[in-house]
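Pasted below: coords.txt, compact mmCIF, C-alpha atoms and all ligand atoms.
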# COMPACT_ATOMS: atom_id res chain seq x y z
CA MET W 1 -11.73 -16.31 -8.77
CA ASN W 2 -11.41 -17.69 -5.28
CA GLN W 3 -7.90 -19.03 -5.07
CA ILE W 4 -4.34 -17.70 -4.81
CA PRO W 5 -3.87 -15.36 -7.81
CA THR W 6 -1.27 -16.15 -10.46
CA LEU W 7 0.95 -14.25 -12.92
CA HIS W 8 -1.80 -14.81 -15.51
CA ASP W 9 -4.29 -13.03 -13.22
CA ALA W 10 -1.90 -10.08 -12.92
CA TYR W 11 -1.59 -9.82 -16.73
CA CYS W 12 -5.40 -9.92 -17.04
CA ALA W 13 -5.63 -7.23 -14.32
CA HIS W 14 -3.13 -5.04 -16.17
CA ALA W 15 -5.12 -5.17 -19.42
CA ARG W 16 -8.38 -4.53 -17.53
CA ILE W 17 -7.24 -1.52 -15.46
CA LYS W 18 -4.99 0.18 -18.04
CA PRO W 19 -7.64 2.74 -19.05
CA VAL W 20 -8.16 3.97 -15.46
CA ILE W 21 -4.64 3.90 -13.92
CA LYS W 22 -1.29 5.53 -14.67
CA ASN W 23 1.79 3.51 -15.61
CA THR W 24 3.85 5.52 -13.10
CA PRO W 25 7.53 6.43 -13.66
CA LEU W 26 10.51 4.50 -12.27
CA LEU W 27 12.87 7.19 -10.94
CA ILE W 28 16.59 6.56 -10.39
CA ASP W 29 18.32 7.99 -7.29
CA SER W 30 22.08 8.00 -7.87
CA GLY W 31 22.71 9.94 -4.66
CA LEU W 32 21.32 7.22 -2.39
CA ALA W 33 23.09 4.55 -4.45
CA LYS W 34 26.38 6.31 -3.71
CA ILE W 35 25.62 6.51 0.03
CA THR W 36 24.59 2.84 0.31
CA GLY W 37 26.97 1.24 -2.21
CA ALA W 38 24.06 -0.10 -4.27
CA GLU W 39 24.55 -0.57 -8.02
CA SER W 40 21.41 1.50 -8.53
CA ILE W 41 18.31 2.53 -6.57
CA HIS W 42 14.94 3.14 -8.21
CA TYR W 43 11.60 4.43 -6.94
CA LYS W 44 8.27 3.30 -8.39
CA LEU W 45 6.30 6.53 -8.08
CA GLU W 46 2.86 5.35 -6.97
CA CYS W 47 2.68 8.63 -5.04
CA LEU W 48 1.80 10.07 -8.48
CA GLN W 49 -0.92 7.44 -9.06
CA GLU W 50 -4.62 8.42 -9.50
CA THR W 51 -6.07 9.39 -6.06
CA GLY W 52 -2.51 9.58 -4.66
CA ALA W 53 -1.80 5.90 -3.94
CA PHE W 54 -1.43 2.51 -5.65
CA LYS W 55 -4.74 1.27 -4.15
CA VAL W 56 -6.65 2.31 -7.27
CA ARG W 57 -5.08 -0.68 -9.07
CA GLY W 58 -6.70 -3.34 -6.88
CA ALA W 59 -9.96 -1.43 -6.54
CA ALA W 60 -10.22 -0.99 -10.32
CA ASN W 61 -9.47 -4.66 -10.99
CA LYS W 62 -12.24 -5.70 -8.58
CA ILE W 63 -14.91 -3.21 -9.61
CA LEU W 64 -14.29 -3.59 -13.38
CA SER W 65 -14.72 -7.38 -12.90
CA LEU W 66 -18.25 -7.09 -11.43
CA ASP W 67 -21.21 -8.12 -13.59
CA PRO W 68 -24.08 -5.68 -14.29
CA GLY W 69 -26.27 -7.15 -11.51
CA GLN W 70 -23.51 -6.69 -8.94
CA ARG W 71 -22.79 -3.12 -10.10
CA GLN W 72 -26.47 -2.33 -9.59
CA LYS W 73 -26.20 -3.31 -5.87
CA GLY W 74 -23.39 -0.80 -5.22
CA VAL W 75 -20.09 -1.53 -3.41
CA ILE W 76 -18.98 -1.18 0.22
CA THR W 77 -15.58 -1.13 1.91
CA PHE W 78 -13.67 -0.26 5.10
CA SER W 79 -10.30 1.45 4.92
CA THR W 80 -7.65 3.61 6.58
CA GLY W 81 -8.19 6.07 3.76
CA ASN W 82 -6.33 5.32 0.54
CA HIS W 83 -8.34 2.21 -0.30
CA GLY W 84 -11.54 4.12 0.46
CA LYS W 85 -10.46 6.91 -1.87
CA ALA W 86 -9.62 4.42 -4.58
CA VAL W 87 -12.98 2.63 -4.31
CA ALA W 88 -14.88 5.94 -4.27
CA HIS W 89 -12.97 7.17 -7.33
CA VAL W 90 -13.30 4.01 -9.43
CA ALA W 91 -16.96 3.47 -8.47
CA ALA W 92 -17.85 7.08 -9.37
CA GLY W 93 -16.11 6.69 -12.75
CA GLN W 94 -18.19 3.55 -13.44
CA GLY W 95 -21.49 5.00 -12.20
CA VAL W 96 -21.54 2.54 -9.26
CA LYS W 97 -22.73 3.62 -5.76
CA ALA W 98 -20.13 3.27 -2.95
CA VAL W 99 -20.21 3.24 0.89
CA VAL W 100 -16.89 3.61 2.80
CA CYS W 101 -16.65 2.63 6.53
CA LEU W 102 -13.88 4.31 8.56
CA SER W 103 -12.66 4.17 12.19
CA GLU W 104 -12.34 7.29 14.34
CA HIS W 105 -8.54 6.90 14.00
CA VAL W 106 -8.61 7.98 10.36
CA PRO W 107 -7.77 11.71 10.00
CA SER W 108 -10.86 13.79 9.17
CA TYR W 109 -9.29 15.34 6.05
CA ARG W 110 -9.21 11.83 4.59
CA ALA W 111 -12.92 11.27 5.25
CA ASP W 112 -13.69 14.61 3.54
CA ILE W 113 -11.72 13.62 0.45
CA ILE W 114 -13.71 10.36 0.18
CA LYS W 115 -17.01 12.25 0.48
CA ASN W 116 -15.90 14.68 -2.22
CA LEU W 117 -15.17 11.74 -4.53
CA GLY W 118 -18.87 10.91 -4.30
CA ALA W 119 -19.02 8.04 -1.78
CA ARG W 120 -21.11 7.85 1.41
CA VAL W 121 -18.87 7.72 4.54
CA SER W 122 -19.79 5.85 7.75
CA ILE W 123 -17.47 6.62 10.73
CA LYS W 124 -17.73 4.19 13.67
CA GLY W 125 -15.32 2.47 16.13
CA LYS W 126 -11.88 3.09 17.62
CA SER W 127 -9.97 0.59 15.52
CA GLN W 128 -9.88 -0.83 12.04
CA ASP W 129 -11.48 -4.03 13.38
CA GLU W 130 -14.46 -2.07 14.78
CA ALA W 131 -14.87 -0.20 11.49
CA GLU W 132 -14.96 -3.64 9.90
CA LYS W 133 -17.83 -4.71 12.19
CA ASN W 134 -19.87 -1.66 11.14
CA TYR W 135 -19.16 -2.57 7.52
CA TYR W 136 -20.54 -6.10 7.97
CA GLU W 137 -23.73 -4.73 9.53
CA ILE W 138 -24.39 -2.29 6.67
CA MET W 139 -23.52 -4.90 4.05
CA ALA W 140 -25.96 -7.41 5.60
CA SER W 141 -28.80 -4.89 5.73
CA ARG W 142 -28.31 -3.25 2.28
CA GLY W 143 -26.82 -6.02 0.10
CA HIS W 144 -23.85 -4.00 -1.21
CA ILE W 145 -20.95 -5.90 -2.85
CA PRO W 146 -17.78 -5.94 -0.67
CA VAL W 147 -14.53 -4.51 -2.06
CA VAL W 148 -12.03 -5.45 0.68
CA PRO W 149 -8.70 -3.61 1.07
CA PHE W 150 -6.30 -6.54 0.64
CA ASP W 151 -7.48 -10.14 1.22
CA ASP W 152 -9.04 -10.79 -2.20
CA PRO W 153 -7.44 -12.37 -5.30
CA PHE W 154 -8.61 -9.51 -7.55
CA ILE W 155 -7.14 -6.88 -5.22
CA ILE W 156 -3.86 -8.81 -4.92
CA ALA W 157 -3.60 -9.30 -8.72
CA GLY W 158 -4.34 -5.58 -9.21
CA GLN W 159 -1.55 -4.50 -6.85
CA GLY W 160 0.72 -7.07 -8.58
CA THR W 161 0.57 -5.00 -11.80
CA ILE W 162 3.11 -2.69 -10.11
CA ALA W 163 5.71 -5.47 -10.43
CA LEU W 164 4.83 -6.05 -14.11
CA GLU W 165 5.59 -2.38 -14.81
CA ILE W 166 8.81 -2.43 -12.73
CA LEU W 167 10.20 -5.58 -14.39
CA GLU W 168 9.30 -4.36 -17.86
CA LYS W 169 11.48 -1.27 -17.27
CA LEU W 170 14.17 -2.90 -15.11
CA PRO W 171 14.28 -6.66 -15.77
CA ALA W 172 17.64 -6.89 -13.96
CA THR W 173 16.08 -5.91 -10.60
CA ASP W 174 17.91 -7.77 -7.76
CA VAL W 175 16.02 -6.55 -4.68
CA LEU W 176 12.42 -5.38 -4.21
CA MET W 177 11.53 -3.59 -0.97
CA VAL W 178 7.80 -3.46 -0.24
CA GLN W 179 5.63 -2.19 2.64
CA LEU W 180 3.51 -4.57 4.74
CA SER W 181 0.17 -3.66 6.22
CA GLY W 182 -2.69 -5.96 5.17
CA GLY W 183 -0.31 -7.58 2.69
CA GLY W 184 -2.20 -7.10 -0.59
CA LEU W 185 0.57 -4.95 -2.03
CA MET W 186 3.33 -7.37 -1.02
CA ALA W 187 1.42 -10.53 -1.98
CA GLY W 188 0.76 -9.17 -5.48
CA ILE W 189 4.23 -7.76 -6.10
CA ALA W 190 6.11 -10.73 -4.63
CA MET W 191 3.97 -13.28 -6.51
CA VAL W 192 4.55 -11.53 -9.85
CA ALA W 193 8.26 -10.91 -9.23
CA LYS W 194 9.05 -14.47 -8.10
CA SER W 195 7.00 -15.93 -10.98
CA ILE W 196 9.03 -13.91 -13.51
CA ASN W 197 12.41 -14.28 -11.77
CA PRO W 198 12.67 -16.46 -8.63
CA GLY W 199 16.10 -14.94 -7.98
CA ILE W 200 14.68 -11.55 -7.02
CA ARG W 201 15.13 -10.92 -3.29
CA ILE W 202 11.97 -9.67 -1.57
CA ILE W 203 12.27 -7.49 1.54
CA GLY W 204 9.20 -6.82 3.71
CA LEU W 205 8.99 -3.42 5.41
CA SER W 206 7.03 -3.14 8.68
CA ILE W 207 6.63 -0.31 11.18
CA GLN W 208 7.33 -0.64 14.92
CA GLN W 209 3.95 0.94 15.77
CA SER W 210 1.79 -1.62 13.96
CA PRO W 211 3.60 -4.81 12.82
CA ALA W 212 0.46 -7.01 12.65
CA LEU W 213 1.44 -8.90 9.51
CA LEU W 214 5.03 -9.52 10.63
CA GLU W 215 3.82 -10.81 14.02
CA SER W 216 1.32 -13.04 12.20
CA VAL W 217 4.06 -14.45 9.95
CA LYS W 218 6.12 -15.29 13.07
CA ALA W 219 3.12 -16.87 14.82
CA GLY W 220 1.95 -18.72 11.70
CA ALA W 221 -1.59 -17.40 12.23
CA PRO W 222 -3.32 -13.98 12.29
CA VAL W 223 -2.30 -11.98 15.37
CA GLU W 224 -3.98 -8.80 16.62
CA VAL W 225 -1.58 -6.08 17.82
CA ASP W 226 -2.40 -2.85 19.65
CA GLU W 227 -2.42 0.02 17.18
CA LYS W 228 -0.23 2.92 18.25
CA ASP W 229 -0.28 6.32 16.58
CA THR W 230 2.13 6.61 13.68
CA ILE W 231 2.93 9.06 10.91
CA ALA W 232 2.70 6.04 8.59
CA ASP W 233 -1.06 5.86 9.28
CA SER W 234 -1.78 4.06 5.99
CA LEU W 235 0.00 1.02 7.49
CA LEU W 236 -2.31 0.77 10.53
CA GLY W 237 -4.73 -2.12 10.87
CA GLY W 238 -4.85 -5.87 11.43
CA ILE W 239 -4.84 -8.57 8.77
CA GLY W 240 -8.26 -10.06 9.70
CA ILE W 241 -8.72 -13.10 11.94
CA ASP W 242 -10.01 -15.12 9.00
CA ASN W 243 -7.22 -14.06 6.61
CA ARG W 244 -7.24 -16.38 3.58
CA PHE W 245 -4.65 -15.18 1.07
CA THR W 246 -2.17 -12.49 2.07
CA LEU W 247 -0.66 -14.13 5.19
CA LYS W 248 0.06 -17.39 3.35
CA MET W 249 1.51 -15.60 0.32
CA VAL W 250 3.67 -13.20 2.36
CA LYS W 251 4.95 -16.07 4.52
CA ASN W 252 5.95 -18.07 1.42
CA LEU W 253 7.35 -15.26 -0.73
CA VAL W 254 9.18 -12.76 1.52
CA ASP W 255 12.90 -13.45 2.04
CA GLU W 256 13.70 -10.95 4.79
CA HIS W 257 11.87 -8.54 7.12
CA VAL W 258 12.93 -5.15 8.52
CA VAL W 259 11.13 -2.97 11.08
CA ILE W 260 11.17 0.83 10.85
CA SER W 261 10.89 3.37 13.72
CA GLU W 262 9.01 6.68 13.73
CA GLU W 263 12.28 8.68 13.58
CA GLU W 264 13.42 6.65 10.58
CA ILE W 265 10.11 7.34 8.82
CA LYS W 266 10.64 11.09 9.33
CA ASP W 267 14.20 10.80 7.98
CA GLY W 268 12.80 9.16 4.85
CA ILE W 269 10.20 11.90 4.36
CA ARG W 270 12.84 14.62 4.74
CA TYR W 271 15.33 12.83 2.48
CA LEU W 272 12.83 12.58 -0.39
CA PHE W 273 11.91 16.23 0.02
CA GLU W 274 15.48 17.50 0.18
CA HIS W 275 17.09 15.28 -2.45
CA GLN W 276 14.28 14.41 -4.88
CA ARG W 277 11.71 17.15 -4.22
CA LEU W 278 9.11 14.40 -3.79
CA ILE W 279 6.22 14.68 -1.32
CA VAL W 280 5.56 11.17 -0.01
CA GLU W 281 3.48 10.06 2.99
CA GLY W 282 4.99 8.16 5.93
CA ALA W 283 3.86 4.74 4.70
CA GLY W 284 5.44 5.43 1.32
CA VAL W 285 8.99 6.24 2.41
CA ILE W 286 9.95 3.29 4.61
CA GLY W 287 12.04 1.56 1.94
CA VAL W 288 14.14 4.72 1.79
CA SER W 289 14.18 4.77 5.63
CA ALA W 290 15.48 1.20 5.67
CA MET W 291 18.37 2.09 3.34
CA LEU W 292 19.22 5.38 5.08
CA GLY W 293 19.23 3.54 8.42
CA ASN W 294 21.50 0.78 7.07
CA LYS W 295 18.91 -1.85 7.96
CA ILE W 296 19.58 -3.79 4.81
CA ASP W 297 22.74 -4.56 2.84
CA VAL W 298 22.22 -3.45 -0.76
CA THR W 299 25.89 -3.40 -1.80
CA GLY W 300 26.23 -3.95 -5.55
CA LYS W 301 22.49 -4.57 -6.02
CA ARG W 302 19.85 -3.03 -8.27
CA VAL W 303 17.17 -2.08 -5.79
CA VAL W 304 13.58 -0.98 -6.31
CA THR W 305 11.24 0.32 -3.62
CA VAL W 306 7.67 1.55 -4.08
CA LEU W 307 6.82 5.08 -2.96
CA THR W 308 3.26 3.95 -2.28
CA GLY W 309 1.35 7.20 -1.69
CA SER W 310 1.25 10.93 -1.11
CA SER W 311 -1.71 11.32 1.30
CA ILE W 312 -0.17 13.33 4.10
CA ASN W 313 -1.68 16.24 5.99
CA THR W 314 0.01 19.49 4.89
CA ALA W 315 0.59 20.91 8.40
CA GLU W 316 2.05 17.61 9.61
CA TYR W 317 4.28 17.39 6.54
CA ILE W 318 5.62 20.92 6.95
CA SER W 319 6.36 20.37 10.64
CA ILE W 320 8.34 17.18 9.87
CA VAL W 321 10.41 18.95 7.21
CA GLN W 322 10.90 22.03 9.44
CA ASP W 323 12.07 19.97 12.47
CA LYS W 324 15.32 19.19 10.72
CA LEU W 325 15.90 22.75 9.50
CA GLN W 326 15.64 24.01 13.09
CA GLN W 327 18.21 21.46 14.25
CA ARG W 328 20.85 22.98 11.97
C1 LIG W 401 -2.46 0.40 1.80
C2 LIG W 401 -1.14 1.05 1.75
C3 LIG W 401 0.04 0.31 2.00
C4 LIG W 401 0.04 -1.16 2.39
O1 LIG W 401 -0.66 -2.00 1.52
P1 LIG W 401 -1.28 -3.39 2.05
O2 LIG W 401 -1.82 -4.06 0.84
O3 LIG W 401 -2.35 -3.05 3.05
O4 LIG W 401 -0.17 -4.14 2.72
C5 LIG W 401 1.25 0.98 1.87
N1 LIG W 401 1.31 2.30 1.56
C6 LIG W 401 0.20 3.03 1.35
C7 LIG W 401 0.34 4.48 1.01
C8 LIG W 401 -1.06 2.44 1.43
O5 LIG W 401 -2.16 3.18 1.22
Output the structure of this file as structure tokens.
Amino acid sequence: MNQIPTLHDAYCAHARIKPVIKNTPLLIDSGLAKITGAESIHYKLECLQETGAFKVRGAANKILSLDPGQRQKGVITFSTGNHGKAVAHVAAGQGVKAVVCLSEHVPSYRADIIKNLGARVSIKGKSQDEAEKNYYEIMASRGHIPVVPFDDPFIIAGQGTIALEILEKLPATDVLMVQLSGGGLMAGIAMVAKSINPGIRIIGLSIQQSPALLESVKAGAPVEVDEKDTIADSLLGGIGIDNRFTLKMVKNLVDEHVVISEEEIKDGIRYLFEHQRLIVEGAGVIGVSAMLGNKIDVTGKRVVTVLTGSSINTAEYISIVQDKLQQR
């Protein structure tokens, strides 16, 4: 499969990965609906997914599609963490060897988790792009099969299974709010949602500190942006200079874009703790941030946003939640 994935590919992915993923709950938040005037607001709880993020869907769809000869060669990837965890977890479950390349930016607790899942970790470079260079060198010398984080039809179709599960439970969804980093999540979800109901409005969520995909959409070609530190570290990283799938799909399928600040991310984290007792990482909350910050008009709409992951450092999490308590 080497072309833009379709709804059919997402259905095939869903059947393939069912044994190794969770069909996560869709949680309703009537409190936020009241505040925003929405008809209803729902969270797809991928923070409860295997390995703590949705990335296991794409990784499983790719690895379970490999033939025996490819499995024998082992797999290799580069990642800000959650994709690496997902690849390590799925590969270990299938008895396939895995190598994960990380940049020095990735928090060390994340590297340790990947090692504990049974993968070999290679840490090199100051940015995601440099980690990618290291990955190409190892792949060339050892012949491992690449499992990329987003720009692959199998990965996109795998992430798209999230939308199949949402629309099965809430076919009347009006608005879908989805994070943008490399764009695999958005490309998959938006493709499935628009194929099933073209009337669904798709909102792209970017962060001020690393809006590479949004800048690329504006420029019409991949743009490199300087990565600044962010508490939404899972959204760091460029989209690849030779991007083939996600930029085109995101450009064609997303109806509106919003950009979220660091303070707004923290507000989202605290809101989900205080009102839903949910622990969600920075990258996961920005749909909630967008609604709390009135960045998007959801009046009268049925809105779904994906709480994409739960990989946040405990000390950092506690300090964010405590900040607010001290202000009172
Ligand atoms: C990877 C990731 C994203 C963004 O997904 P892309 O496919 O790279 O756009 C969002 N949230 C979390 C928690 C992630 O791990």
So which residues are near ligand LIG 401 (chain W), meaning at most 6 Å away with all atoms listed in the file counted, given back as a list in words?
Ala53, Asn82, Phe150, Gln179, Leu180, Ser181, Gly182, Gly183, Gly184, Leu185, Ser234, Leu235, Ala283, Gly284, Thr308 and Gly309 of chain W
Nearest to Ser79 (chain W): which of W:Ile138, W:Cys47, W:Ala111, W:Ala13 is it, counting all atoms listed in the file?
W:Ala111
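Separating CA of Ile113 (chain W) from CA of Ile156 (chain W) is a distance of 24.4 Å.
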Excluding same-chain residues fewer than 4 positions from region 69-75 of chain W, what lies within 9 Å of it counting only C-alpha atoms, as a PyMOL selection string?
chain W and resi 63+87+91+94-100+139+142-147
Residue selection dump (C-alpha atoms) as a CSV table (one decimal), in the coordinates of the input:
chain,number,residue,atom,x,y,z
W,63,ILE,CA,-14.9,-3.2,-9.6
W,87,VAL,CA,-13.0,2.6,-4.3
W,91,ALA,CA,-17.0,3.5,-8.5
W,94,GLN,CA,-18.2,3.6,-13.4
W,95,GLY,CA,-21.5,5.0,-12.2
W,96,VAL,CA,-21.5,2.5,-9.3
W,97,LYS,CA,-22.7,3.6,-5.8
W,98,ALA,CA,-20.1,3.3,-3.0
W,99,VAL,CA,-20.2,3.2,0.9
W,100,VAL,CA,-16.9,3.6,2.8
W,139,MET,CA,-23.5,-4.9,4.0
W,142,ARG,CA,-28.3,-3.2,2.3
W,143,GLY,CA,-26.8,-6.0,0.1
W,144,HIS,CA,-23.8,-4.0,-1.2
W,145,ILE,CA,-21.0,-5.9,-2.8
W,146,PRO,CA,-17.8,-5.9,-0.7
W,147,VAL,CA,-14.5,-4.5,-2.1
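Counting only C-alpha atoms, the residue from W:Leu236, W:Ala38, W:Val259, W:Ala193 that sits nearest to Gly160 (chain W) is W:Ala193.
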What separates CA of Ser319 (chain W) and CA of Thr51 (chain W) is a distance of 23.5 Å
Using only C-alpha atoms, the best pick from W:Leu45, W:Leu214, W:Leu7, W:Ile17 as closest to Leu272 (chain W) would be W:Leu45
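Considering all atoms listed in the file, the residue among W:Gly300, W:Tyr317, W:Ala163, W:Phe78 positioned nearest to Ile123 (chain W) is W:Phe78.
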Polymer residues at most 12 Å from Val175 (chain W), all atoms listed in the file, same-chain spacing of 6 or more positions, as a PyMOL selection string
chain W and resi 38-42+163+166-167+189-190+193-194+197-204+254-256+287+296-306
Using only C-alpha atoms: which of W:Val148, W:Ala232, W:Val56, W:Ile196 has the shortest distance to Gly93 (chain W)
W:Val56
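Here CA of Glu281 (chain W) stands at a distance of 21.2 Å from CA of Ile239 (chain W).
Candidate residues W:Gly282, W:Pro149, W:Gly158, W:Gly220 were compared for distance to Asn252 (chain W), and the nearest is W:Gly220, using only C-alpha atoms.
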Test item: residues at most 12 Å from His105 (chain W), all atoms listed in the file, excluding those fewer than 3 positions along its chain, as a list in words:
Ser79, Thr80, Gly81, Cys101, Leu102, Ser108, Tyr109, Arg110, Ala111, Ile123, Lys124, Gly125, Lys126, Ser127, Gln128, Asp129, Glu130, Ala131, Glu227, Lys228, Asp229, Thr230, Asp233, Ser234, Leu236 and Gly237 of chain W
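The shell of residues at most 7 Å from Ile265 (chain W), with only C-alpha atoms counted and near chain neighbours (fewer than 5 positions) removed, consists of Ile260, Gly282, Val285, Ile286 and Ser289 of chain W.
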